[in-house]
Amino acid sequence: MTWTDVFAPAKINLTLHITGQRDDGYHLLDSLVVFAPVGDALRVAPAPELCLRLEGPEAEGLPANGDNLALRAAAMVGEGQGVEIVLEKTLPVASGIGGGSADAAAAARAVLAGAGALDGAGLARAEAALLALGADVPMCLRSRPVRVRGIGEGLEPVTLPPLPAVLVNPRVPVSTPQIFRSLTSRDNPPMPEVMPEFADAEALICWLTGLRNDMEPAAKALEPMIGRVLSELSELQGCRLARMSGSGATCFGLFATMAEAGAAAAALRAARPDWWIAEGLLGDQQARAMPRQG
Ligand SMILES: C[C@@](CO)(OP(=O)(O)O)[C@H](O)COP(=O)(O)OP(=O)(O)OC[C@H]1O[C@@H](n2ccc(N)nc2=O)[C@H](O)[C@@H]1O
Ligand SMILES: Nc1ncnc2c1ncn2[C@@H]1O[C@H](COP(=O)(O)OP(=O)(O)O)[C@@H](O)[C@H]1O
């Protein structure tokens with residue numbers, strides 16, 4: 001059997017400005033998004049039917065049936081074609097880093113690759129169709145730095161220096177719809193229309209400091225542990241900026257160098273052995289997200 005390996009990297013919202021709300025209730029975003037070198041791993045092979053096997057440390061409690069976003073995406077782009085998917089779940093579920101959307105995007109890429117349709121036109125069709133599965137899926141199909149507008153369909157590629165980071169999840173799941181519902185302000189200012197060019201990670205971090213995640217106050221109010229994570233990240237040596245990703249509860253700390261980020265992650269792991277902690281360079285993961293036949 002020929003398997004295709006696909007990487008499903010975590011999505012990180014470096015900023016998340018909520019700028020309005022559509023008549024159907026969906027919120028309008030202006031968000032700067034990058035991808036992490038940590039993620040789920042999928043193996044996909046042709047099969048008589050659609051089926052899924054779950055593995056990995058974060059698989060518990062996930063649906064292994066047709067509700068799983070990986071299977072739903074494979075069904076949508078596969079037009080009746082069967083595949084077997086083995087999903088090794090590494091990313092915490094319902095944690096603001098788009099794990100389900102990344103799995104959906106990765107499964108779709110593998111099915112498109114199997115059909116010889118992993119080209120610009122195939123990806124554009126998949127991007128439009130898979131928005132119905134989740135507002136995060138189109139950006140995850142790219143796995144490259146983007147500025148996201150609309151509800152997640154307005155994708156504008158950006159060039160950013162790689163950002164040394166520590167990701168932390170305190171192992172409390174957060175419901176995205178619940179945080180959207182509890183926002184007190186939905187018409188916040190967008191990011192500056194024109195993005196500057198950044199000489200290095202420090203310049204980008206400095207610019208990000210003046211921007212926001214507008215979901216952070218509501219998420220902290222509903223889940224006070226998020227405030228604790230942010231303050232512990234801020235206190236780590238070399239941490240230049242600590243912020244929540246998406247609707248939480250995962251937060252990230254940004255550092256000037258990977259040496260500082262690695263030391264900070266080690267210190268936090270020692271103090272908080274029960275938290276999910278990862279470190280790496282945030283940015284472009286497209287090369288790792290490309291299917292490899294084998
Ligand atoms: C907040 C963000 C930021 O990237 O990330 P996460 O926290 O999920 O990682 C996303 O916009 C989340 O996208 P995603 O998780 O795909 O959301 P969906 O499944 O499409 O929507 C779940 C629910 O959230 C609300 N929703 C979602 C997206 C949006 N732009 N406005 C909304 O109001 C809707 O109530 C919707 O029914
Ligand atoms: N493959 C999958 N991985 C994660 N969650 C999934 C998956 N398939 C379906 N789901 C459901 O999608 C919801 C959101 O999960 P997830 O994408 O991890 O959230 P977030 O975008 O906040 O990180 C969860 O309630 C989960 O049960």
# chains A, B, ... in the order shown; residues from 1 in each chain; ligands from 1

$ residues_near_ligand --ligand "ligand 1" --cutoff "7 Å" --atoms "only C-alpha atoms and all ligand atoms" --output "mmCIF file with C-alpha atoms, in the first residue's frame"
data_model
loop_
_atom_site.group_PDB
_atom_site.id
_atom_site.type_symbol
_atom_site.label_atom_id
_atom_site.label_comp_id
_atom_site.auth_asym_id
_atom_site.auth_seq_id
_atom_site.Cartn_x
_atom_site.Cartn_y
_atom_site.Cartn_z
ATOM 1 C CA ASN A 13 -2.659 34.032 15.663
ATOM 2 C CA LEU A 16 -6.478 38.711 16.308
ATOM 3 C CA GLY A 25 -23.389 36.038 13.336
ATOM 4 C CA TYR A 26 -19.884 35.193 12.091
ATOM 5 C CA HIS A 27 -17.231 37.659 13.196
ATOM 6 C CA LEU A 28 -14.944 39.638 10.901
ATOM 7 C CA LEU A 29 -11.259 39.294 11.691
ATOM 8 C CA SER A 95 -6.986 24.992 22.175
ATOM 9 C CA GLY A 96 -6.878 27.965 19.785
ATOM 10 C CA ILE A 97 -4.180 26.551 17.528
ATOM 11 C CA GLY A 98 -6.498 25.068 14.919
ATOM 12 C CA SER A 101 -8.556 22.598 10.909
ATOM 13 C CA LEU A 133 -15.822 23.009 7.556
ATOM 14 C CA GLY A 134 -14.169 25.732 9.605
ATOM 15 C CA ALA A 135 -13.083 29.333 9.154
ATOM 16 C CA ASP A 136 -9.499 28.278 9.951
ATOM 17 C CA VAL A 137 -9.236 25.580 7.265
ATOM 18 C CA ILE A 151 -14.184 35.331 8.540
ATOM 19 C CA GLY A 152 -11.079 33.480 7.373
ATOM 20 C CA THR A 176 -14.526 28.871 20.322
ATOM 21 C CA PRO A 177 -18.257 29.698 19.903
ATOM 22 C CA PHE A 180 -17.162 34.634 20.410
ATOM 23 C CA SER A 245 -3.637 32.415 20.191
ATOM 24 C CA GLY A 246 -7.136 32.231 18.677
ATOM 25 C CA SER A 247 -9.868 31.729 21.264
ATOM 26 C CA GLY A 248 -7.380 30.096 23.654
#

$ residues_around --residues "Arg186 of chain A" --least-positions-apart "4" --cutoff "8 Å" --atoms "only C-alpha atoms" --output "list of chain:residue names"
A:Ile18, A:Thr19, A:Gly20, A:Gln21, A:His27

$ select_by_dssp --residues "segment 85-288 of chain A" --states "alpha helix (DSSP H)" --output "VMD selection string"
chain A and resid 99 to 114 120 to 130 137 to 142 176 to 181 201 to 209 216 to 222 225 to 234 258 to 271 286 to 288

$ closest_residue --among "A:Glu235, A:Glu58, A:Glu193, A:Asp24" --to "Trp276 of chain A" --atoms "only C-alpha atoms"
A:Glu58

$ closest_residue --among "A:Gly100, A:Pro189, A:Pro145, A:Gly114" --to "ligand 2" --atoms "only C-alpha atoms and all ligand atoms"
A:Gly100

$ residues_around --residues "Leu71 of chain A" --least-positions-apart "2" --cutoff "8 Å" --atoms "only C-alpha atoms" --output "JSON list (two decimals) with C-alpha atoms, in the first residue's frame"
[["chain", "number", "residue", "atom", "x", "y", "z"],
["A", 50, "LEU", "CA", -13.25, 6.30, 4.12],
["A", 51, "CYS", "CA", -11.84, 5.20, 7.48],
["A", 52, "LEU", "CA", -9.80, 6.73, 10.29],
["A", 65, "ASN", "CA", -16.09, 8.59, 12.93],
["A", 66, "GLY", "CA", -17.46, 10.86, 10.22],
["A", 67, "ASP", "CA", -17.50, 13.82, 12.65],
["A", 68, "ASN", "CA", -13.73, 13.99, 12.57],
["A", 69, "LEU", "CA", -12.65, 16.99, 10.51],
["A", 73, "ALA", "CA", -12.35, 17.09, 4.52],
["A", 74, "ALA", "CA", -11.27, 13.89, 2.72],
["A", 75, "ALA", "CA", -14.91, 13.21, 1.86],
["A", 85, "ILE", "CA", -6.24, 7.94, 7.39],
["A", 104, "ALA", "CA", -8.71, 18.75, 7.72],
["A", 107, "ALA", "CA", -6.15, 15.24, 4.77]]

$ select_by_dssp --residues "segment 83-169 of chain A" --states "strand (DSSP E or B)" --output "PyMOL selection string"
chain A and resi 83-88+146-150+154-157+163-169

$ residues_around --residues "Met139 of chain A" --least-positions-apart "6" --cutoff "8 Å" --atoms "only C-alpha atoms" --output "PyMOL selection string"
chain A and resi 146+148+152-153+155

$ closest_residue --among "A:Leu281, A:Met225, A:Ala129, A:Cys251" --to "ligand 2" --atoms "only C-alpha atoms and all ligand atoms"
A:Cys251

$ atom_distance --atom1 "atom 21 (O, counted along the ligand's line) of ligand 2" --atom2 "atom CA of Arg212 of chain A"
18.3 Å

$ closest_residue --among "A:Ala110, A:Val34, A:Ala266, A:Val77" --to "Phe7 of chain A" --atoms "only C-alpha atoms"
A:Ala110

$ closest_residue --among "A:Ala221, A:Cys206, A:Ala105, A:Val194" --to "ligand 2" --atoms "only C-alpha atoms and all ligand atoms"
A:Ala105

$ closest_residue --among "A:Val166, A:Leu87, A:Leu32, A:Leu123" --to "ligand 2" --atoms "only C-alpha atoms and all ligand atoms"
A:Leu87

$ residues_around --residues "Arg43 of chain A" --least-positions-apart "5" --cutoff "7 Å" --atoms "only C-alpha atoms" --output "compact mmCIF listing (two decimals) with C-alpha atoms, in the first residue's frame"
# COMPACT_ATOMS: atom_id res chain seq x y z
CA TRP A 3 1.05 5.91 2.06
CA THR A 4 1.29 9.69 1.83
CA ASP A 5 2.69 11.40 4.93
CA VAL A 6 1.32 14.86 5.69
CA ILE A 85 -6.24 7.94 7.39
CA VAL A 86 -3.99 7.34 10.37
CA LEU A 87 -4.02 10.50 12.50

$ residues_around --residues "Gly120 of chain A" --least-positions-apart "6" --cutoff "12 Å" --atoms "only C-alpha atoms" --output "ChimeraX atom specification"
/A:109,112-113,126-127,141-142

$ atom_distance --atom1 "atom CA of Ala108 of chain A" --atom2 "atom CA of Ala121 of chain A"
13.7 Å

$ atom_distance --atom1 "atom CA of Val83 of chain A" --atom2 "atom CA of Pro37 of chain A"
25.9 Å
